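The structure file work33.txt is reproduced below (compact mmCIF, C-alpha atoms and all ligand atoms).
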```
# COMPACT_ATOMS: atom_id res chain seq x y z
CA MET A 242 17.22 27.04 -104.48
CA LYS A 243 20.31 26.05 -102.54
CA LEU A 244 20.72 23.22 -100.06
CA ASP A 245 24.02 23.36 -98.10
CA GLY A 246 25.42 25.63 -100.82
CA GLU A 247 24.44 23.26 -103.64
CA SER A 248 22.06 24.53 -106.36
CA LEU A 249 19.05 22.28 -106.84
CA ASP A 250 16.38 21.88 -109.47
CA ALA A 251 12.86 22.63 -108.18
CA LYS A 252 11.98 18.90 -108.34
CA SER A 253 14.77 18.07 -105.88
CA TRP A 254 14.05 21.13 -103.75
CA LEU A 255 10.43 20.04 -103.28
CA VAL A 256 11.66 16.75 -101.84
CA ALA A 257 14.60 18.03 -99.78
CA ALA A 258 13.58 21.47 -98.46
CA GLY A 259 12.40 22.15 -94.92
CA ARG A 260 13.74 18.92 -93.41
CA PRO A 261 15.55 18.63 -90.07
CA SER A 262 19.31 18.19 -90.39
CA GLU A 263 20.86 17.35 -86.99
CA PRO A 264 22.00 13.80 -86.25
CA GLY A 265 19.19 11.95 -84.51
CA ASP A 266 16.49 14.26 -85.96
CA PRO A 267 13.54 12.61 -87.67
CA LEU A 268 13.85 12.49 -91.46
CA ASN A 269 10.50 14.24 -91.84
CA THR A 270 9.56 17.60 -90.39
CA PRO A 271 7.52 16.84 -87.28
CA LEU A 272 3.95 18.02 -86.89
CA VAL A 273 4.24 20.39 -83.94
CA PRO A 274 0.86 21.18 -82.36
CA ALA A 275 2.09 23.84 -79.94
CA SER A 276 0.73 27.23 -78.90
CA ASN A 277 3.60 28.06 -76.53
CA PHE A 278 7.25 27.15 -76.03
CA LEU A 279 9.65 27.05 -73.08
CA LEU A 280 11.08 30.53 -72.60
CA GLY A 281 14.71 31.24 -73.38
CA GLU A 282 16.13 31.35 -76.89
CA GLY A 283 13.80 31.18 -79.94
CA ALA A 284 10.08 30.53 -80.17
CA VAL A 285 7.73 31.97 -77.53
CA TYR A 286 4.11 31.82 -78.67
CA ALA A 287 2.98 30.33 -81.99
CA ARG A 288 0.90 33.27 -83.21
CA GLU A 289 3.89 35.57 -82.69
CA THR A 290 6.94 33.45 -83.46
CA GLY A 291 5.51 30.62 -85.54
CA THR A 292 6.14 26.89 -85.24
CA PRO A 293 8.78 24.59 -86.76
CA THR A 294 6.14 23.08 -89.08
CA TRP A 295 5.10 26.46 -90.52
CA ALA A 296 8.74 27.46 -90.78
CA ALA A 297 9.52 24.37 -92.87
CA LEU A 298 6.66 25.08 -95.29
CA GLU A 299 7.71 28.74 -95.52
CA ALA A 300 11.28 27.70 -96.29
CA LEU A 301 10.12 25.28 -98.99
CA VAL A 302 7.76 27.70 -100.75
CA GLY A 303 10.12 30.66 -100.29
CA GLY A 304 12.87 28.78 -102.10
CA LEU A 305 10.49 27.65 -104.81
CA GLU A 306 9.29 31.22 -105.47
CA SER A 307 12.81 32.74 -105.09
CA GLY A 308 11.94 34.88 -102.06
CA LYS A 309 10.83 34.59 -98.46
CA SER A 310 7.36 33.35 -97.53
CA VAL A 311 4.81 33.98 -94.83
CA ALA A 312 2.19 31.25 -94.35
CA PHE A 313 -1.43 32.05 -93.52
CA SER A 314 -4.56 30.11 -92.64
CA SER A 315 -5.75 30.16 -96.28
CA GLY A 316 -5.03 31.74 -99.64
CA MET A 317 -7.63 34.41 -98.90
CA ALA A 318 -6.03 35.19 -95.51
CA ALA A 319 -2.77 35.71 -97.41
CA VAL A 320 -4.43 38.04 -99.95
CA ALA A 321 -6.31 39.93 -97.23
CA ALA A 322 -3.06 40.48 -95.31
CA LEU A 323 -1.48 41.96 -98.42
CA PHE A 324 -4.50 44.20 -99.17
CA GLN A 325 -4.24 45.49 -95.59
CA GLN A 326 -0.82 46.94 -96.39
CA VAL A 327 -2.21 49.72 -98.61
CA PRO A 328 -3.00 53.10 -97.02
CA ALA A 329 -6.59 54.34 -96.51
CA GLY A 330 -7.99 55.93 -99.67
CA ALA A 331 -5.75 53.77 -101.85
CA THR A 332 -6.44 52.81 -105.45
CA ILE A 333 -6.37 49.07 -106.15
CA ALA A 334 -6.22 47.58 -109.65
CA ILE A 335 -7.52 44.02 -110.02
CA PRO A 336 -8.41 41.85 -113.03
CA ARG A 337 -12.05 41.71 -114.15
CA ASP A 338 -11.59 37.95 -114.48
CA CYS A 339 -10.27 37.16 -111.02
CA TYR A 340 -10.61 34.65 -108.20
CA GLN A 341 -14.10 35.17 -106.77
CA GLY A 342 -12.85 35.69 -103.20
CA VAL A 343 -10.46 38.44 -104.27
CA LEU A 344 -13.25 40.18 -106.22
CA GLY A 345 -15.38 40.00 -103.06
CA LEU A 346 -12.57 41.32 -100.84
CA ALA A 347 -11.98 44.26 -103.21
CA SER A 348 -15.69 45.15 -103.42
CA ASP A 349 -16.11 44.83 -99.66
CA GLY A 350 -13.30 47.36 -99.10
CA ALA A 351 -14.71 49.66 -101.79
CA GLU A 352 -18.19 49.56 -100.23
CA ARG A 353 -16.71 50.48 -96.84
CA GLY A 354 -14.85 53.41 -98.41
CA LEU A 355 -11.38 51.94 -97.78
CA TRP A 356 -10.21 52.07 -101.38
CA ASP A 357 -11.15 52.65 -105.01
CA VAL A 358 -11.08 49.58 -107.23
CA LEU A 359 -10.17 49.53 -110.93
CA HIS A 360 -11.25 46.40 -112.81
CA LEU A 361 -9.00 45.74 -115.79
CA GLU A 362 -9.07 43.15 -118.56
CA VAL A 363 -6.28 40.62 -117.93
CA ASP A 364 -4.81 41.00 -121.43
CA ASP A 365 -5.15 44.80 -121.70
CA THR A 366 -1.46 45.47 -121.06
CA ALA A 367 -1.81 49.21 -121.81
CA ALA A 368 -4.50 49.57 -119.11
CA TRP A 369 -2.25 47.82 -116.56
CA ILE A 370 0.70 50.05 -117.46
CA ASP A 371 -1.53 53.10 -116.98
CA ALA A 372 -2.82 51.73 -113.64
CA ALA A 373 0.74 50.98 -112.46
CA SER A 374 1.56 54.70 -112.57
CA ARG A 375 -1.28 55.64 -110.20
CA ALA A 376 -2.48 52.60 -108.21
CA ASP A 377 -1.21 51.73 -104.73
CA LEU A 378 -1.79 48.01 -105.23
CA ILE A 379 -1.62 46.30 -108.61
CA TRP A 380 -3.03 42.79 -108.25
CA LEU A 381 -2.61 40.44 -111.18
CA GLU A 382 -3.79 36.89 -111.66
CA SER A 383 -2.34 34.88 -114.54
CA PRO A 384 -3.59 32.58 -115.94
CA SER A 385 -6.84 34.06 -114.66
CA ASN A 386 -9.74 32.19 -113.12
CA PRO A 387 -11.81 30.87 -114.82
CA MET A 388 -11.18 32.30 -118.32
CA LEU A 389 -7.48 31.31 -118.29
CA THR A 390 -6.31 34.56 -119.87
CA VAL A 391 -2.57 35.18 -119.56
CA ALA A 392 -1.26 38.65 -118.62
CA ASP A 393 2.02 40.00 -119.98
CA LEU A 394 3.60 40.02 -116.52
CA GLU A 395 7.10 41.01 -117.57
CA THR A 396 5.94 44.12 -119.48
CA ILE A 397 3.53 45.15 -116.73
CA CYS A 398 6.13 44.61 -113.98
CA ALA A 399 8.63 46.77 -115.91
CA ALA A 400 6.21 49.73 -116.20
CA PRO A 401 6.94 52.90 -114.16
CA ARG A 402 5.13 52.68 -110.85
CA LYS A 403 3.67 54.96 -108.23
CA PRO A 404 6.29 55.19 -105.45
CA GLY A 405 5.52 52.90 -102.53
CA SER A 406 3.06 50.82 -104.53
CA ILE A 407 2.93 47.02 -104.37
CA LEU A 408 2.61 44.75 -107.41
CA GLY A 409 1.39 41.26 -106.55
CA VAL A 410 0.63 38.19 -108.64
CA ASP A 411 -1.74 35.38 -107.76
CA ASN A 412 0.43 32.47 -108.89
CA THR A 413 -1.97 29.72 -107.83
CA PHE A 414 -3.06 28.56 -111.31
CA ALA A 415 0.45 28.61 -112.78
CA THR A 416 2.24 27.26 -109.68
CA PRO A 417 5.86 28.27 -108.94
CA LEU A 418 6.98 25.37 -111.14
CA ASN A 419 5.50 27.00 -114.26
CA GLN A 420 5.89 30.68 -113.40
CA GLN A 421 8.18 32.81 -111.25
CA PRO A 422 6.50 36.18 -110.65
CA LEU A 423 9.37 37.58 -108.54
CA GLU A 424 11.85 36.77 -111.33
CA LEU A 425 9.50 38.57 -113.75
CA GLY A 426 9.67 41.69 -111.56
CA ALA A 427 6.67 41.40 -109.21
CA ASP A 428 7.05 42.46 -105.55
CA VAL A 429 4.89 39.63 -104.29
CA SER A 430 3.75 36.19 -105.38
CA MET A 431 0.79 34.49 -103.71
CA GLN A 432 -0.01 30.77 -103.59
CA SER A 433 -3.14 29.16 -102.30
CA ALA A 434 -1.39 26.02 -101.01
CA THR A 435 -4.89 24.60 -100.73
CA LYS A 436 -4.52 23.80 -104.42
CA PHE A 437 -1.39 22.35 -106.06
CA ILE A 438 1.05 22.45 -103.13
CA GLY A 439 -1.27 20.53 -100.81
CA GLY A 440 -2.58 18.67 -103.83
CA HIS A 441 -5.02 16.34 -102.07
CA SER A 442 -8.06 18.59 -101.46
CA ASP A 443 -7.71 18.11 -97.70
CA LEU A 444 -6.46 21.42 -96.31
CA LEU A 445 -6.57 25.24 -96.49
CA THR A 446 -3.32 27.23 -96.38
CA GLY A 447 -1.88 30.17 -98.31
CA LEU A 448 1.47 31.90 -98.63
CA VAL A 449 2.75 35.31 -99.66
CA THR A 450 6.33 35.43 -100.94
CA THR A 451 8.49 38.53 -101.41
CA ARG A 452 12.13 39.69 -101.50
CA ASP A 453 11.23 42.95 -99.75
CA GLU A 454 12.30 42.44 -96.11
CA GLU A 455 10.30 45.42 -94.90
CA LEU A 456 7.11 44.13 -96.54
CA LEU A 457 7.85 40.62 -95.19
CA GLY A 458 7.99 42.05 -91.66
CA ARG A 459 4.73 43.94 -92.16
CA LEU A 460 3.00 40.78 -93.39
CA GLN A 461 4.27 38.80 -90.40
CA ASN A 462 3.02 41.55 -88.13
CA THR A 463 -0.41 41.54 -89.81
CA ARG A 464 -0.60 37.76 -89.39
CA MET A 465 0.21 38.12 -85.71
CA LEU A 466 -2.32 40.93 -85.10
CA ALA A 467 -5.12 39.44 -87.22
CA GLY A 468 -4.41 35.93 -85.95
CA ALA A 469 -4.61 34.52 -89.50
CA THR A 470 -2.22 31.72 -88.57
CA PRO A 471 -1.86 28.44 -90.47
CA GLY A 472 -2.83 25.22 -88.75
CA ALA A 473 -0.28 22.69 -87.49
CA LEU A 474 -1.87 19.75 -89.32
CA GLU A 475 -2.48 21.83 -92.46
CA THR A 476 1.13 22.93 -92.81
CA TYR A 477 2.30 19.37 -92.14
CA LEU A 478 -0.01 18.05 -94.87
CA ALA A 479 0.98 20.85 -97.26
CA LEU A 480 4.65 19.91 -96.78
CA ARG A 481 3.88 16.28 -97.40
CA GLY A 482 1.86 17.16 -100.49
CA ALA A 483 4.63 19.39 -101.83
CA ARG A 484 7.05 16.43 -101.96
CA THR A 485 5.15 14.97 -104.95
CA MET A 486 4.02 18.22 -106.55
CA ALA A 487 6.36 18.11 -109.55
CA LEU A 488 5.20 14.60 -110.49
CA ARG A 489 1.54 15.41 -109.95
CA LEU A 490 1.74 18.58 -112.00
CA ALA A 491 3.63 16.92 -114.87
CA GLN A 492 1.10 14.08 -115.10
CA ALA A 493 -2.02 16.25 -114.82
CA GLN A 494 -0.64 18.84 -117.21
CA ALA A 495 0.19 16.24 -119.88
CA THR A 496 -3.36 14.88 -119.61
CA ALA A 497 -4.86 18.40 -119.73
CA GLU A 498 -3.07 19.08 -123.03
CA VAL A 499 -4.52 15.89 -124.55
CA LEU A 500 -8.05 16.52 -123.23
CA ALA A 501 -8.03 20.18 -124.38
CA ARG A 502 -7.11 19.16 -127.94
CA ARG A 503 -9.75 16.43 -128.06
CA LEU A 504 -12.44 18.68 -126.56
CA GLU A 505 -11.73 21.23 -129.30
CA THR A 506 -12.94 18.78 -131.97
CA HIS A 507 -15.84 17.33 -129.95
CA GLY A 508 -19.27 17.95 -131.52
CA ALA A 509 -20.93 18.80 -128.18
CA VAL A 510 -18.32 21.40 -127.24
CA GLY A 511 -17.98 25.05 -128.28
CA ILE A 512 -15.02 27.23 -127.35
CA VAL A 513 -12.21 25.50 -125.41
CA ARG A 514 -10.03 27.79 -123.32
CA TYR A 515 -6.62 26.33 -122.49
CA PRO A 516 -3.45 28.45 -122.73
CA GLY A 517 -1.63 25.62 -124.50
CA LEU A 518 -3.99 25.59 -127.49
CA PRO A 519 -2.80 27.67 -130.48
CA SER A 520 -6.42 28.93 -130.74
CA HIS A 521 -6.22 30.49 -127.26
CA PRO A 522 -6.27 34.33 -127.48
CA THR A 523 -3.19 34.70 -125.26
CA HIS A 524 -1.38 31.52 -126.38
CA GLU A 525 1.67 33.41 -127.61
CA ILE A 526 2.39 35.15 -124.32
CA ALA A 527 1.58 31.90 -122.49
CA ALA A 528 4.20 30.07 -124.57
CA ALA A 529 6.81 32.73 -123.81
CA GLN A 530 6.01 33.14 -120.11
CA LEU A 531 4.91 29.78 -118.75
CA GLY A 532 6.97 26.64 -118.20
CA GLY A 533 3.78 24.60 -118.72
CA TYR A 534 0.15 25.35 -119.52
CA GLY A 535 -1.40 24.05 -116.33
CA THR A 536 -4.13 21.59 -115.50
CA ILE A 537 -7.27 23.71 -115.83
CA ILE A 538 -9.46 23.69 -118.96
CA SER A 539 -12.57 25.84 -119.42
CA PHE A 540 -14.96 24.84 -122.21
CA ASP A 541 -18.46 25.71 -123.41
CA VAL A 542 -21.01 22.91 -123.71
CA ALA A 543 -23.43 23.07 -126.65
CA GLY A 544 -27.04 23.39 -125.46
CA GLY A 545 -26.57 25.95 -122.69
CA ALA A 546 -26.50 25.83 -118.90
CA ALA A 547 -28.85 22.85 -118.55
CA ALA A 548 -26.72 20.73 -120.88
CA ALA A 549 -23.57 21.78 -119.02
CA ASP A 550 -25.17 20.88 -115.67
CA SER A 551 -26.15 17.50 -117.05
CA VAL A 552 -22.55 16.83 -118.17
CA CYS A 553 -21.45 17.46 -114.57
CA GLN A 554 -24.08 14.99 -113.34
CA ASN A 555 -23.03 12.33 -115.86
CA THR A 556 -19.30 12.01 -115.23
CA ARG A 557 -18.20 9.35 -112.73
CA LEU A 558 -14.43 9.65 -112.43
CA ILE A 559 -14.52 13.45 -112.73
CA ARG A 560 -16.20 14.63 -109.54
CA HIS A 561 -18.76 17.42 -109.54
CA ALA A 562 -17.01 19.78 -107.12
CA THR A 563 -15.38 23.17 -106.98
CA SER A 564 -11.69 23.91 -106.41
CA LEU A 565 -8.66 22.65 -108.32
CA GLY A 566 -5.12 21.39 -108.12
CA GLY A 567 -5.88 18.06 -106.43
CA VAL A 568 -4.97 14.51 -107.43
CA ASP A 569 -8.67 14.06 -108.22
CA SER A 570 -10.27 15.60 -111.32
CA THR A 571 -13.11 17.99 -110.52
CA MET A 572 -15.50 19.97 -112.68
CA GLU A 573 -18.14 22.64 -112.18
CA ARG A 574 -20.16 25.28 -114.01
CA ARG A 575 -18.60 28.51 -112.74
CA ALA A 576 -21.52 30.77 -113.81
CA ALA A 577 -23.67 28.94 -111.24
CA ASN A 578 -21.72 30.91 -108.60
CA PRO A 579 -22.58 34.50 -107.66
CA GLY A 580 -20.27 37.25 -108.93
CA GLN A 581 -19.38 35.36 -112.13
CA GLU A 582 -21.55 37.40 -114.55
CA HIS A 583 -18.73 37.66 -117.10
CA VAL A 584 -18.49 33.87 -117.39
CA PRO A 585 -20.46 32.12 -120.19
CA GLU A 586 -23.51 30.28 -118.81
CA SER A 587 -22.61 26.95 -120.39
CA MET A 588 -18.89 27.01 -119.50
CA LEU A 589 -17.44 24.19 -117.41
CA ARG A 590 -14.13 24.52 -115.58
CA LEU A 591 -12.32 21.21 -115.40
CA SER A 592 -9.38 20.69 -113.04
CA VAL A 593 -7.50 17.69 -114.39
CA GLY A 594 -6.09 15.30 -111.80
CA ILE A 595 -3.62 12.44 -112.02
CA GLU A 596 -6.00 9.66 -113.11
CA ASP A 597 -5.27 7.79 -116.35
CA THR A 598 -5.65 10.03 -119.42
CA GLU A 599 -7.80 7.59 -121.40
CA ASP A 600 -10.06 6.85 -118.43
CA LEU A 601 -10.66 10.59 -118.03
CA TRP A 602 -11.36 11.07 -121.73
CA ARG A 603 -13.84 8.15 -121.80
CA ASP A 604 -15.62 9.64 -118.78
CA LEU A 605 -15.83 13.10 -120.34
CA ASP A 606 -16.75 11.87 -123.82
CA ARG A 607 -19.52 9.62 -122.47
CA ALA A 608 -20.98 12.44 -120.34
CA LEU A 609 -20.89 14.84 -123.30
CA ASN A 610 -22.59 12.31 -125.57
CA THR A 611 -25.31 11.27 -123.11
CA SER A 612 -26.27 14.75 -121.95
CA ASP A 613 -29.14 16.66 -123.61
CA HIS A 614 -28.00 19.29 -126.09
C1 LIG B 1 -8.33 29.03 -104.19
C2 LIG B 1 -7.75 30.29 -104.71
C3 LIG B 1 -7.54 31.39 -103.88
C4 LIG B 1 -7.93 31.40 -102.42
O1 LIG B 1 -7.33 30.39 -101.69
P1 LIG B 1 -8.00 29.70 -100.40
O2 LIG B 1 -6.94 28.82 -99.90
O3 LIG B 1 -9.25 29.01 -100.87
O4 LIG B 1 -8.36 30.79 -99.45
C5 LIG B 1 -7.00 32.54 -104.44
N1 LIG B 1 -6.68 32.59 -105.75
C6 LIG B 1 -6.87 31.54 -106.57
C7 LIG B 1 -6.50 31.68 -108.00
C8 LIG B 1 -7.41 30.36 -106.10
O5 LIG B 1 -7.60 29.35 -106.93
```

Give the structure from this file in structure tokens form.
Amino acid sequence: MKLDGESLDAKSWLVAAGRPSEPGDPLNTPLVPASNFLLGEGAVYARETGTPTWAALEALVGGLESGKSVAFSSGMAAVAALFQQVPAGATIAIPRDCYQGVLGLASDGAERGLWDVLHLEVDDTAAWIDAASRADLIWLESPSNPMLTVADLETICAAPRKPGSILGVDNTFATPLNQQPLELGADVSMQSATKFIGGHSDLLTGLVTTRDEELLGRLQNTRMLAGATPGALETYLALRGARTMALRLAQAQATAEVLARRLETHGAVGIVRYPGLPSHPTHEIAAAQLGGYGTIISFDVAGGAAAADSVCQNTRLIRHATSLGGVDSTMERRAANPGQEHVPESMLRLSVGIEDTEDLWRDLDRALNTSDH
């Protein structure tokens, strides 16, 4: 990350990147709600040539992920654009524990005969190495959703690959502050900016980042043809959210570590899955690969699905809602969603926000103690 030739830490980059720099310019990147531009040099039509607001967000995330970014209307639009790059009849390898939308996208393509899908366990490194030699698209997610299993990205990225194949990593749960997939050898890193970059649960946007100029051009072309363009307001809000991302992540992550440890000794709680806990099956690789263990905790509630549902009803500060990465703590029972058959019935996924640690613990502890087990 370099600003005017000067190397910056990610925390400074998040604040300084993508800002106007000419005398008389506004300090902040303007929100530009424009479909078309005056003809001459530069921008022509937003769907084709983008807008200054998207460009600023792309510059910020590109620098953060050590590549160049293309912004889309959502994280799923970004993933779909990447999946469109594989040839007909392709083989696609995805994790068994994977973002629900990506699982759906892969099955939809398989049902329509577009591609064959291999479902691999996140931590089965040998299976990923084998798949890398024959798959056209290797799609990893680490830590995975919602089981929080960590893949050995560096080893998998170093494996011999089928020529022309693409290896992508969904970096949403880790964030570019905790994990740098391109530095680890991936071709592509994907962020749902809906989550930590936006950080306020008020927008949908996604970005694909790569160092491969040819792939970058193809992704921009797909965005133009499919019309999967980000919104003016959304990219403006994502930029504004990104300014405080390092602080938000540090606070939420510190709280998540405390809550995970306390949950592990709580009488109404079974297995706690958090990559930072020494008991976590992939803790060792998490410690080596991640700059921080993230803000998501998955834990089993004693007493089954009904007890878990009642915990969700009984918290006040922690809101009963899906999604993650916001300033507000949210919690839900993932197995209540379709396509989550591998997830334990009584498992809750908690996305820790930036509220006070002790207030959050009191809320959680009270809900666990008052729910029926
Ligand atoms: C939310 C999410 C997505 C999809 O992003 P949207 O912005 O909702 O389309 C993809 N992967 C992961 C891990 C996510 O959490």

Q. Can you tell me which residues sit at most 9 Å away from ligand LIG 1 (chain B), counting all atoms listed in the file, written as a ChimeraX atom specification?
A. /A:314-320,339-343,382-387,411-415,431-436,444-447,564-566

Q | Minimum-distance residue to Thr450 in chain A, chosen among A:Leu298, A:Leu244, A:Ala543, A:Leu378 (using all atoms listed in the file) | A | A:Leu298

Q | Option closest in space to Thr451 in chain A, from A:Ser348, A:Thr571, A:Thr396, A:Ser310 [counting all atoms listed in the file] | A |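 Closest candidate: A:Ser310.
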
Can you list every residue of range 526-560 of chain A that has an atom at most 10 Å from range 602-608 of chain A, with its nearest atom pair and the distance in Å to one decimal, using all atoms listed in the file, ordered by chain then number, as a Markdown table?
```
| residue | atom | partner | partner_atom | distance |
| --- | --- | --- | --- | --- |
| A:Ala549 | CA | A:Ala608 | CA | 9.8 |
| A:Ser551 | CA | A:Ala608 | CA | 7.9 |
| A:Val552 | CA | A:Ala608 | CA | 5.1 |
| A:Cys553 | CA | A:Ala608 | CA | 7.7 |
| A:Gln554 | CA | A:Ala608 | CA | 8.1 |
| A:Asn555 | CA | A:Ala608 | CA | 4.9 |
| A:Thr556 | CA | A:Ala608 | CA | 5.4 |
| A:Arg557 | CA | A:Asp604 | CA | 6.6 |
| A:Leu558 | CA | A:Asp604 | CA | 6.5 |
| A:Ile559 | CA | A:Asp604 | CA | 7.2 |
```

Q) Which residue gives the smallest distance to Glu498 in chain A among A:Ala483, A:Leu279, A:Val593, A:Leu456, with all atoms listed in the file counted? A)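 Checking each of A:Ala483, A:Leu279, A:Val593, A:Leu456 against Glu498 in chain A, counting all atoms listed in the file, the winner is A:Val593.
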
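Residues of protein, DNA or RNA having at least one counted atom within 9 Å of (10.3, 39.9, -114.8), given only C-alpha atoms, are Leu394, Glu395, Thr396, Ile397, Cys398, Ala399, Gln421, Pro422, Leu423, Glu424, Leu425, Gly426 and Ala427 of chain A.
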
Q) Quick one: of A:Tyr515, A:Met388, A:Ser374, A:Ala547, who's nearest to Arg402 in chain A, counting only C-alpha atoms? A) A:Ser374

Q: Could you give me, as JSON, numbers by chain, the residues within 7 Å of Arg260 in chain A, counting only C-alpha atoms and dropping anything in the same chain fewer than 6 positions from it?
A: {"A": [268, 269, 270, 297]}

Only C-alpha atoms, please: the residues just picked out, written as a PDB file, in the frame of the given file.
```pdb
ATOM      1  CA  LEU A 268      13.850  12.490 -91.460  1.00  0.00           C
ATOM      2  CA  ASN A 269      10.500  14.240 -91.840  1.00  0.00           C
ATOM      3  CA  THR A 270       9.560  17.600 -90.390  1.00  0.00           C
ATOM      4  CA  ALA A 297       9.520  24.370 -92.870  1.00  0.00           C
TER       5      ALA A 297
END
```

Q: For each of A:Asp428, A:Glu573, A:Val510, A:Glu596, take the minimum atom-to-atom distance to Leu609 in chain A, counting all atoms listed in the file, then give the residue where this is smallest.
A: A:Val510

(Q) Restricting the calculation to all atoms listed in the file: of A:Ala392, A:Leu490, A:Met242, A:Ile438, which residue gets closest to Thr523 in chain A? (A)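 Once distances to Thr523 in chain A are computed over all atoms listed in the file, the minimum belongs to A:Ala392.
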
Atoms added to range 374-393 of chain A (N, CA and C atoms), reported as a compact mmCIF listing (two decimals), in the frame of the given file:
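Written file, selection-v2.txt:
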```txt
# COMPACT_ATOMS: atom_id res chain seq x y z
N SER A 374 1.02 53.36 -112.87
CA SER A 374 1.56 54.70 -112.57
C SER A 374 0.75 55.40 -111.48
N ARG A 375 -0.46 54.90 -111.18
CA ARG A 375 -1.28 55.64 -110.20
C ARG A 375 -1.91 54.77 -109.10
N ALA A 376 -1.85 53.45 -109.24
CA ALA A 376 -2.48 52.60 -108.21
C ALA A 376 -1.49 52.30 -107.08
N ASP A 377 -2.04 52.07 -105.89
CA ASP A 377 -1.21 51.73 -104.73
C ASP A 377 -0.97 50.23 -104.64
N LEU A 378 -1.94 49.47 -105.18
CA LEU A 378 -1.79 48.01 -105.23
C LEU A 378 -2.21 47.54 -106.61
N ILE A 379 -1.32 46.86 -107.29
CA ILE A 379 -1.62 46.30 -108.61
C ILE A 379 -1.66 44.80 -108.39
N TRP A 380 -2.85 44.22 -108.55
CA TRP A 380 -3.03 42.79 -108.25
C TRP A 380 -3.35 42.05 -109.54
N LEU A 381 -2.42 41.19 -109.95
CA LEU A 381 -2.61 40.44 -111.18
C LEU A 381 -2.87 38.97 -110.87
N GLU A 382 -3.57 38.33 -111.80
CA GLU A 382 -3.79 36.89 -111.66
C GLU A 382 -3.59 36.31 -113.05
N SER A 383 -2.65 35.38 -113.19
CA SER A 383 -2.34 34.88 -114.54
C SER A 383 -1.75 33.48 -114.46
N PRO A 384 -2.34 32.50 -115.20
CA PRO A 384 -3.59 32.58 -115.94
C PRO A 384 -4.74 32.89 -114.98
N SER A 385 -5.75 33.59 -115.51
CA SER A 385 -6.84 34.06 -114.66
C SER A 385 -7.91 32.97 -114.50
N ASN A 386 -8.68 33.14 -113.45
CA ASN A 386 -9.74 32.19 -113.12
C ASN A 386 -11.10 32.80 -113.40
N PRO A 387 -11.97 32.19 -114.17
CA PRO A 387 -11.81 30.87 -114.82
C PRO A 387 -11.53 30.96 -116.33
N MET A 388 -11.30 32.17 -116.86
CA MET A 388 -11.18 32.30 -118.32
C MET A 388 -9.79 31.94 -118.84
N LEU A 389 -8.84 31.77 -117.93
CA LEU A 389 -7.48 31.31 -118.29
C LEU A 389 -6.77 32.26 -119.26
N THR A 390 -7.01 33.56 -119.07
CA THR A 390 -6.31 34.56 -119.87
C THR A 390 -4.95 34.83 -119.21
N VAL A 391 -3.93 34.98 -120.07
CA VAL A 391 -2.57 35.18 -119.56
C VAL A 391 -2.20 36.66 -119.70
N ALA A 392 -1.70 37.25 -118.61
CA ALA A 392 -1.26 38.65 -118.62
C ALA A 392 0.21 38.72 -119.00
N ASP A 393 0.60 39.80 -119.64
CA ASP A 393 2.02 40.00 -119.98
C ASP A 393 2.73 40.53 -118.74
```
